[in-house]
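So this block is coords35.txt, compact mmCIF, C-alpha atoms and all ligand atoms:
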```txt
# COMPACT_ATOMS: atom_id res chain seq x y z
CA MET P 297 -67.89 -14.83 85.85
CA PRO P 298 -70.64 -12.27 86.26
CA GLU P 299 -72.33 -12.84 89.63
CA LEU P 300 -75.49 -11.42 91.16
CA PRO P 301 -74.51 -7.71 91.20
CA GLU P 302 -73.15 -7.77 87.64
CA VAL P 303 -76.13 -9.71 86.28
CA GLU P 304 -78.52 -7.38 88.12
CA PHE P 305 -76.75 -4.39 86.58
CA ALA P 306 -76.90 -6.00 83.12
CA ALA P 307 -80.60 -6.83 83.50
CA ARG P 308 -81.31 -3.17 84.30
CA VAL P 309 -79.30 -2.13 81.23
CA LEU P 310 -81.37 -4.49 79.09
CA GLU P 311 -84.60 -3.29 80.72
CA ARG P 312 -83.80 0.35 79.99
CA ALA P 313 -82.94 -0.47 76.39
CA ALA P 314 -85.73 -2.94 75.58
CA LEU P 315 -88.78 -2.59 77.82
CA GLY P 316 -92.00 -1.98 75.87
CA LYS P 317 -90.20 -2.20 72.53
CA ARG P 318 -90.99 -4.42 69.57
CA ILE P 319 -88.36 -6.92 68.43
CA VAL P 320 -87.64 -6.65 64.71
CA GLU P 321 -85.16 -9.47 64.71
CA LEU P 322 -83.11 -11.71 66.96
CA ARG P 323 -79.96 -12.87 65.21
CA LEU P 324 -78.01 -15.71 66.75
CA LEU P 325 -74.52 -15.18 65.36
CA HIS P 326 -72.67 -17.95 67.13
CA PRO P 327 -73.24 -21.54 65.97
CA ALA P 328 -73.53 -22.84 69.56
CA LEU P 329 -76.39 -20.40 70.25
CA ARG P 330 -78.11 -21.35 66.99
CA ARG P 331 -77.83 -25.05 67.80
CA ARG P 332 -79.25 -24.57 71.25
CA ALA P 333 -82.00 -22.06 70.56
CA GLY P 334 -82.84 -23.05 66.99
CA GLU P 335 -84.49 -21.28 64.06
CA GLU P 336 -87.80 -21.60 65.84
CA CYS P 337 -86.62 -19.21 68.55
CA THR P 338 -85.73 -16.42 66.13
CA GLU P 339 -89.02 -16.93 64.25
CA HIS P 340 -91.00 -16.89 67.47
CA VAL P 341 -89.66 -13.64 68.90
CA ARG P 342 -90.02 -11.63 65.68
CA GLY P 343 -92.57 -8.86 66.20
CA ARG P 344 -92.97 -9.57 69.93
CA ILE P 345 -92.87 -6.82 72.54
CA VAL P 346 -90.65 -7.02 75.61
CA GLU P 347 -92.95 -6.86 78.63
CA ARG P 348 -90.60 -7.59 81.51
CA VAL P 349 -86.92 -8.11 82.30
CA GLU P 350 -86.11 -9.93 85.53
CA ARG P 351 -83.10 -11.44 87.23
CA ARG P 352 -83.14 -14.53 89.43
CA GLY P 353 -79.76 -15.68 90.72
CA LYS P 354 -77.44 -15.30 87.74
CA HIS P 355 -80.29 -15.88 85.27
CA GLN P 356 -82.10 -13.27 83.20
CA LEU P 357 -85.69 -13.73 82.07
CA VAL P 358 -87.14 -11.61 79.27
CA THR P 359 -90.92 -12.00 79.15
CA LEU P 360 -92.54 -11.28 75.79
CA ASP P 361 -96.11 -10.14 75.07
CA ASP P 362 -97.32 -13.71 74.48
CA ARG P 363 -95.93 -14.69 77.94
CA SER P 364 -93.14 -16.74 76.39
CA VAL P 365 -89.76 -16.15 78.03
CA LEU P 366 -86.26 -15.73 76.67
CA HIS P 367 -83.88 -17.15 79.24
CA VAL P 368 -80.35 -15.76 79.15
CA HIS P 369 -77.36 -16.94 81.17
CA PHE P 370 -74.07 -15.08 80.74
CA ARG P 371 -71.90 -17.98 82.04
CA MET P 372 -68.25 -16.86 82.06
CA SER P 373 -68.05 -13.61 80.15
CA GLY P 374 -71.41 -12.48 78.73
CA ASP P 375 -72.65 -8.90 78.82
CA TRP P 376 -75.08 -6.58 77.03
CA VAL P 377 -73.85 -3.80 74.80
CA VAL P 378 -76.50 -1.26 73.78
CA ALA P 379 -76.11 0.66 70.53
CA THR P 380 -78.19 1.52 67.47
CA ARG P 381 -78.71 -0.38 64.25
CA ASP P 382 -76.42 2.08 62.47
CA ASP P 383 -73.44 1.25 64.69
CA ALA P 384 -70.92 -1.42 63.79
CA GLU P 385 -71.53 -4.71 65.57
CA PRO P 386 -69.29 -4.96 68.62
CA ARG P 387 -66.45 -7.44 68.72
CA HIS P 388 -67.47 -10.84 70.14
CA ALA P 389 -71.18 -10.15 69.54
CA ARG P 390 -72.81 -13.62 69.74
CA ALA P 391 -76.46 -12.57 69.44
CA VAL P 392 -78.14 -9.33 68.43
CA LEU P 393 -81.61 -8.03 69.23
CA ASP P 394 -82.87 -5.30 66.90
CA PHE P 395 -85.82 -3.20 68.03
CA SER P 396 -88.28 -1.20 65.92
CA ASP P 397 -87.05 2.13 67.33
CA GLY P 398 -83.55 1.47 66.02
CA THR P 399 -82.09 0.25 69.32
CA ARG P 400 -79.70 -2.67 69.03
CA VAL P 401 -78.72 -4.82 72.02
CA ALA P 402 -75.82 -7.19 71.47
CA LEU P 403 -74.90 -10.13 73.66
CA VAL P 404 -71.13 -9.73 73.77
CA ASP P 405 -69.29 -12.78 75.04
CA PRO P 406 -65.57 -13.36 74.35
CA ARG P 407 -65.70 -16.93 75.71
CA ALA P 408 -68.89 -17.74 73.74
CA LEU P 409 -70.43 -19.80 76.55
CA ALA P 410 -73.52 -17.67 77.23
CA THR P 411 -76.87 -19.28 76.50
CA VAL P 412 -80.17 -17.96 75.09
CA THR P 413 -83.21 -20.24 75.09
CA LEU P 414 -86.90 -19.69 74.40
CA HIS P 415 -89.49 -21.04 76.82
CA ARG P 416 -93.11 -21.15 75.75
CA VAL P 417 -95.95 -20.56 78.18
CA GLY P 418 -96.04 -23.27 80.80
CA SER P 419 -92.44 -24.40 80.48
CA GLN P 420 -90.18 -23.55 83.42
CA PRO P 421 -87.08 -21.67 82.24
CA LEU P 422 -85.22 -21.84 85.56
CA PRO P 423 -83.40 -24.73 87.20
CA GLU P 424 -83.89 -25.37 90.92
CA LEU P 425 -82.60 -22.30 92.78
CA GLY P 426 -82.16 -21.50 96.45
CA VAL P 427 -83.08 -18.28 98.19
CA GLU P 428 -81.70 -15.10 96.59
CA ALA P 429 -78.45 -13.97 98.19
CA THR P 430 -79.99 -10.48 98.43
CA ASP P 431 -83.32 -11.63 99.90
CA PRO P 432 -84.02 -9.52 103.02
CA ALA P 433 -85.55 -12.66 104.59
CA LEU P 434 -82.17 -14.41 104.52
CA ASP P 435 -80.99 -14.77 108.11
CA ALA P 436 -78.89 -17.24 110.10
CA ALA P 437 -81.79 -19.68 110.45
CA ALA P 438 -82.69 -19.56 106.75
CA LEU P 439 -79.06 -20.01 105.70
CA GLY P 440 -78.69 -22.89 108.16
CA ARG P 441 -81.77 -24.56 106.67
CA ALA P 442 -80.47 -24.01 103.12
CA LEU P 443 -77.09 -25.55 103.98
CA GLY P 444 -78.81 -28.42 105.76
CA ARG P 445 -76.47 -31.29 106.52
CA ARG P 446 -74.05 -30.54 103.71
CA ARG P 447 -70.60 -31.56 104.79
CA ALA P 448 -68.96 -29.94 101.76
CA ALA P 449 -66.65 -27.00 102.45
CA ILE P 450 -68.70 -23.86 103.08
CA LYS P 451 -67.13 -22.11 100.03
CA MET P 452 -68.36 -24.95 97.77
CA ALA P 453 -71.80 -24.93 99.38
CA LEU P 454 -72.10 -21.17 98.76
CA LEU P 455 -71.41 -21.74 95.06
CA ASP P 456 -74.24 -24.28 94.84
CA GLN P 457 -77.10 -22.28 93.31
CA ARG P 458 -79.63 -24.68 94.87
CA VAL P 459 -78.45 -23.50 98.30
CA LEU P 460 -78.17 -19.78 97.62
CA ALA P 461 -78.78 -18.09 94.26
CA GLY P 462 -76.41 -15.48 92.90
CA LEU P 463 -73.02 -15.98 94.52
CA GLY P 464 -70.03 -17.10 92.47
CA ASN P 465 -66.34 -17.61 93.08
CA ILE P 466 -65.57 -13.96 93.87
CA TYR P 467 -68.36 -12.92 96.23
CA ALA P 468 -68.34 -16.27 98.06
CA ALA P 469 -64.67 -15.69 98.94
CA GLU P 470 -65.30 -12.06 99.86
CA ALA P 471 -68.30 -12.93 102.05
CA LEU P 472 -66.27 -15.55 103.95
CA TRP P 473 -63.51 -12.99 104.54
CA HIS P 474 -66.03 -10.48 105.95
CA ALA P 475 -67.44 -13.25 108.17
CA ARG P 476 -63.97 -14.48 109.28
CA ILE P 477 -64.85 -18.04 108.28
CA ASP P 478 -62.34 -20.51 106.83
CA PRO P 479 -63.55 -21.48 103.33
CA ARG P 480 -62.67 -25.13 104.11
CA ALA P 481 -64.98 -25.36 107.13
CA PRO P 482 -67.66 -28.02 106.60
CA ALA P 483 -70.96 -26.23 105.86
CA SER P 484 -72.83 -28.25 108.46
CA SER P 485 -70.29 -27.29 111.15
CA LEU P 486 -71.32 -23.61 111.20
CA ARG P 487 -73.27 -22.61 114.29
CA THR P 488 -75.76 -19.76 114.58
CA ALA P 489 -73.19 -17.06 115.40
CA SER P 490 -71.07 -17.98 112.34
CA LEU P 491 -74.14 -18.20 110.11
CA ALA P 492 -75.23 -14.74 111.27
CA ARG P 493 -71.76 -13.36 110.47
CA LEU P 494 -71.89 -15.07 107.09
CA VAL P 495 -75.27 -13.53 106.21
CA ALA P 496 -73.86 -10.12 107.15
CA GLY P 497 -70.71 -10.92 105.13
CA ILE P 498 -72.74 -11.84 102.05
CA ARG P 499 -74.66 -8.55 102.35
CA GLU P 500 -71.45 -6.58 102.78
CA ALA P 501 -69.72 -8.21 99.79
CA LEU P 502 -72.74 -7.69 97.54
CA ALA P 503 -73.36 -4.14 98.74
CA ALA P 504 -69.78 -3.15 97.90
CA ALA P 505 -70.37 -4.51 94.39
CA SER P 506 -73.72 -2.80 93.94
CA ASP P 507 -72.24 0.56 94.90
CA ASP P 508 -69.74 0.11 92.11
CA PRO P 509 -71.17 -2.06 89.37
CA GLY P 510 -68.10 -1.80 87.12
CA ARG P 511 -67.29 -5.24 85.81
CA TYR P 512 -64.29 -6.82 87.53
CA ASN P 513 -63.33 -8.66 84.36
CA ARG P 514 -62.50 -5.31 82.80
CA GLY P 515 -60.26 -4.52 85.76
CA GLU P 516 -62.55 -1.67 86.81
CA ALA P 517 -63.42 -2.98 90.21
CA ILE P 518 -60.56 -5.19 91.33
CA ASP P 519 -59.51 -2.65 93.96
CA ARG P 520 -62.61 -3.25 96.01
CA PHE P 521 -61.76 -6.89 96.78
CA HIS P 522 -60.32 -7.92 100.13
CA VAL P 523 -59.11 -11.40 99.17
CA TYR P 524 -60.08 -12.26 95.59
CA GLY P 525 -57.04 -12.17 93.30
CA ARG P 526 -54.79 -10.95 96.16
CA GLU P 527 -52.56 -13.97 96.83
CA GLY P 528 -49.48 -12.90 98.82
CA GLU P 529 -50.82 -9.39 99.47
CA PRO P 530 -51.53 -8.19 103.02
CA CYS P 531 -54.95 -8.80 104.55
CA HIS P 532 -56.82 -5.48 104.85
CA ARG P 533 -57.81 -6.44 108.39
CA CYS P 534 -54.80 -8.12 110.01
CA GLY P 535 -51.89 -7.75 107.56
CA ALA P 536 -51.25 -11.49 107.12
CA SER P 537 -50.49 -12.71 103.60
CA ILE P 538 -53.59 -13.73 101.63
CA ARG P 539 -53.44 -17.38 100.68
CA ARG P 540 -54.77 -19.14 97.58
CA ILE P 541 -55.97 -22.74 97.62
CA VAL P 542 -57.89 -24.77 95.03
CA GLN P 543 -61.38 -26.02 95.85
CA GLY P 544 -63.45 -27.84 93.26
CA GLY P 545 -60.93 -26.89 90.59
CA ARG P 546 -61.24 -23.15 91.29
CA SER P 547 -59.11 -20.72 93.26
CA THR P 548 -60.19 -19.74 96.74
CA TYR P 549 -58.51 -16.75 98.39
CA PHE P 550 -58.60 -16.23 102.14
CA CYS P 551 -56.69 -14.85 105.10
CA PRO P 552 -55.10 -17.73 107.03
CA ARG P 553 -54.98 -15.61 110.20
CA CYS P 554 -58.40 -14.03 110.55
CA GLN P 555 -60.35 -16.82 108.83
CA ARG P 556 -59.14 -19.57 111.13
CA LEU P 557 -60.82 -22.88 111.72
CA SER P 558 -61.33 -24.02 115.28
CA PRO P 559 -58.50 -26.42 116.25
CA SER P 560 -60.82 -29.44 116.28
CA LEU P 561 -62.08 -28.71 112.74
CA ARG P 562 -58.52 -28.10 111.55
CA ARG P 563 -57.51 -31.54 112.74
CA ALA P 564 -60.45 -33.03 110.84
CA LEU P 565 -59.49 -31.49 107.47
CA PRO P 566 -58.23 -33.89 104.81
ZN ZN P 601 -56.55 -11.23 108.06
```
Can the structure in the file be given as structure tokens, please?
Amino acid sequence: MPELPEVEFAARVLERAALGKRIVELRLLHPALRRRAGEECTEHVRGRIVERVERRGKHQLVTLDDRSVLHVHFRMSGDWVVATRDDAEPRHARAVLDFSDGTRVALVDPRALATVTLHRVGSQPLPELGVEATDPALDAAALGRALGRRRAAIKMALLDQRVLAGLGNIYAAEALWHARIDPRAPASSLRTASLARLVAGIREALAAASDDPGRYNRGEAIDRFHVYGREGEPCHRCGASIRRIVQGGRSTYFCPRCQRLSPSLRRALP
């Protein structure tokens, strides 16, 4: 699933392709997108100019010249592919934006779970979101406040977009590895020193991704991970075998040696 760095990269791609341009047509090719967005959406955006492209968490907001907003969420496999109207439509194109200068931006999404919805002035396109994972103001105290009294495992709490916006399954695991924190530790059990390491770990995991925005789902960036997808391989720090467990129905990868729980917390685990 595209997470903060991939969505940020995609939003910049869309911005470069679309900013200041007039939309000739938005075609919703997939029936699920048509059902959700409706005819009204395609009618509404025709002739509008793209004034702003922003990212918040894993959401993209495209503001049009009447202040209405197209909200896009890539979900599992969405991405933008920029071409011209003369090019063949890419495989798995689910929606297509044609611009008056001949630019064509396709929402390519093999899993067909991405969403596009139109929000008129005054309607809030975003769900409740926590502080941005890249916010410079994020520190141990702010993260502690965001986690509050959550007793859920810290990995699960990091995936909750109301706590922290932008992390997904991959960067949450990577951040916890950097911070040497067991992904099963109860969120509310982390003290200031651990929270400070976690904030630094989040920054480190996201910085590595931003330096190399190749999409991991194309296998371009898998080498940069320390734990994700590396079950049974040696930890880059201590050499122990990376372990995979399932939390909330999804795989969590971690090093059982350098991400150890304190003995008292280990005894308290289910
Ligand atoms: Zn290790």
Mind listing as a compact mmCIF listing (two decimals) with C-alpha atoms, in the coordinates of the input all residues within 8 Å of (-54.7, -13.1, 102.1), counting all atoms listed in the file?
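Now in selection.txt:
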```txt
# COMPACT_ATOMS: atom_id res chain seq x y z
CA HIS P 522 -60.32 -7.92 100.13
CA VAL P 523 -59.11 -11.40 99.17
CA ARG P 526 -54.79 -10.95 96.16
CA GLU P 527 -52.56 -13.97 96.83
CA GLY P 528 -49.48 -12.90 98.82
CA GLU P 529 -50.82 -9.39 99.47
CA PRO P 530 -51.53 -8.19 103.02
CA CYS P 531 -54.95 -8.80 104.55
CA ALA P 536 -51.25 -11.49 107.12
CA SER P 537 -50.49 -12.71 103.60
CA ILE P 538 -53.59 -13.73 101.63
CA ARG P 539 -53.44 -17.38 100.68
CA ARG P 540 -54.77 -19.14 97.58
CA TYR P 549 -58.51 -16.75 98.39
CA PHE P 550 -58.60 -16.23 102.14
CA CYS P 551 -56.69 -14.85 105.10
CA PRO P 552 -55.10 -17.73 107.03
```
Quiz item: What is the distance, in Å and to one decimal place, between atom CA of Arg371 of chain P and atom CA of Thr411 of chain P?
Solution: 7.6 Å
Practice problem: Compile the contact shell of segment 457-468 of chain P as JSON, numbers by chain: residues with an atom at most 7 Å away, counting all atoms listed in the file, same-chain residues fewer than 5 positions apart removed. | Solution: {"P": [299, 300, 353, 354, 424, 425, 426, 427, 428, 429, 442, 443, 451, 501, 502, 524]}
Quiz item: Distance atom CA of Ile450 of chain P-atom CA of Leu409 of chain P, one decimal place?
Solution: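 About the pair atom CA of Ile450 of chain P and atom CA of Leu409 of chain P: they are 26.9 Å apart.
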Quiz item: What is the atom CA of Glu347 of chain P to atom CA of Ser506 of chain P distance in Å?
Solution: 24.9 Å
Practice problem: Fewer than 3 positions away in the same chain doesn't count, so skip those; otherwise give me all residues within 9 Å of Pro421 of chain P, counting all atoms listed in the file, as a PyMOL selection string. | Solution: chain P and resi 357+365-367+413-416
Self-check item: Polymer residues at most 12 Å from Pro559 of chain P, only C-alpha atoms, same-chain spacing of 4 or more positions, as a count of residues only
Solution: 5
Exercise. Would you be able to write out as an MDAnalysis selection string which residues have an atom within 7 Å of (-69.9, -32.3, 102.8) in the file's coordinates, counting only C-alpha atoms?
Key: chainID P and resid 446:449 482:483
Quiz item: Quick one: of P:Ala471, P:Ala379, P:Leu393, P:Leu422, who's nearest to Phe521 of chain P, counting all atoms listed in the file?
Solution: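 Looking only at the distances to Phe521 of chain P, the closest residue turns out to be P:Ala471.
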Quiz item: Closest to ligand ZN 601 (chain P) among P:Leu472, P:Leu486, P:Met297, P:Ile541, using all atoms listed in the file?
Solution: P:Leu472
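Within the 12 Å cut-off around Asp405 of chain P, using only C-alpha atoms and omitting residues fewer than 2 positions from it on the same chain, the listed residues are P:Met297, P:Pro298, P:Leu325, P:His326, P:Leu329, P:His369, P:Phe370, P:Arg371, P:Met372, P:Ser373, P:Gly374, P:Asp375, P:Trp376, P:Val377, P:Pro386, P:Arg387, P:His388, P:Ala389, P:Arg390, P:Ala391, P:Val392, P:Ala402, P:Leu403, P:Arg407, P:Ala408, P:Leu409, P:Ala410, P:Thr411, P:Asn513.
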Quiz prompt | Contacts of Leu322 of chain P at 10 Å (only C-alpha atoms; same-chain gap of 6+ positions) as number ranges by chain | solution = P: 337-343, 391-395, 400-402
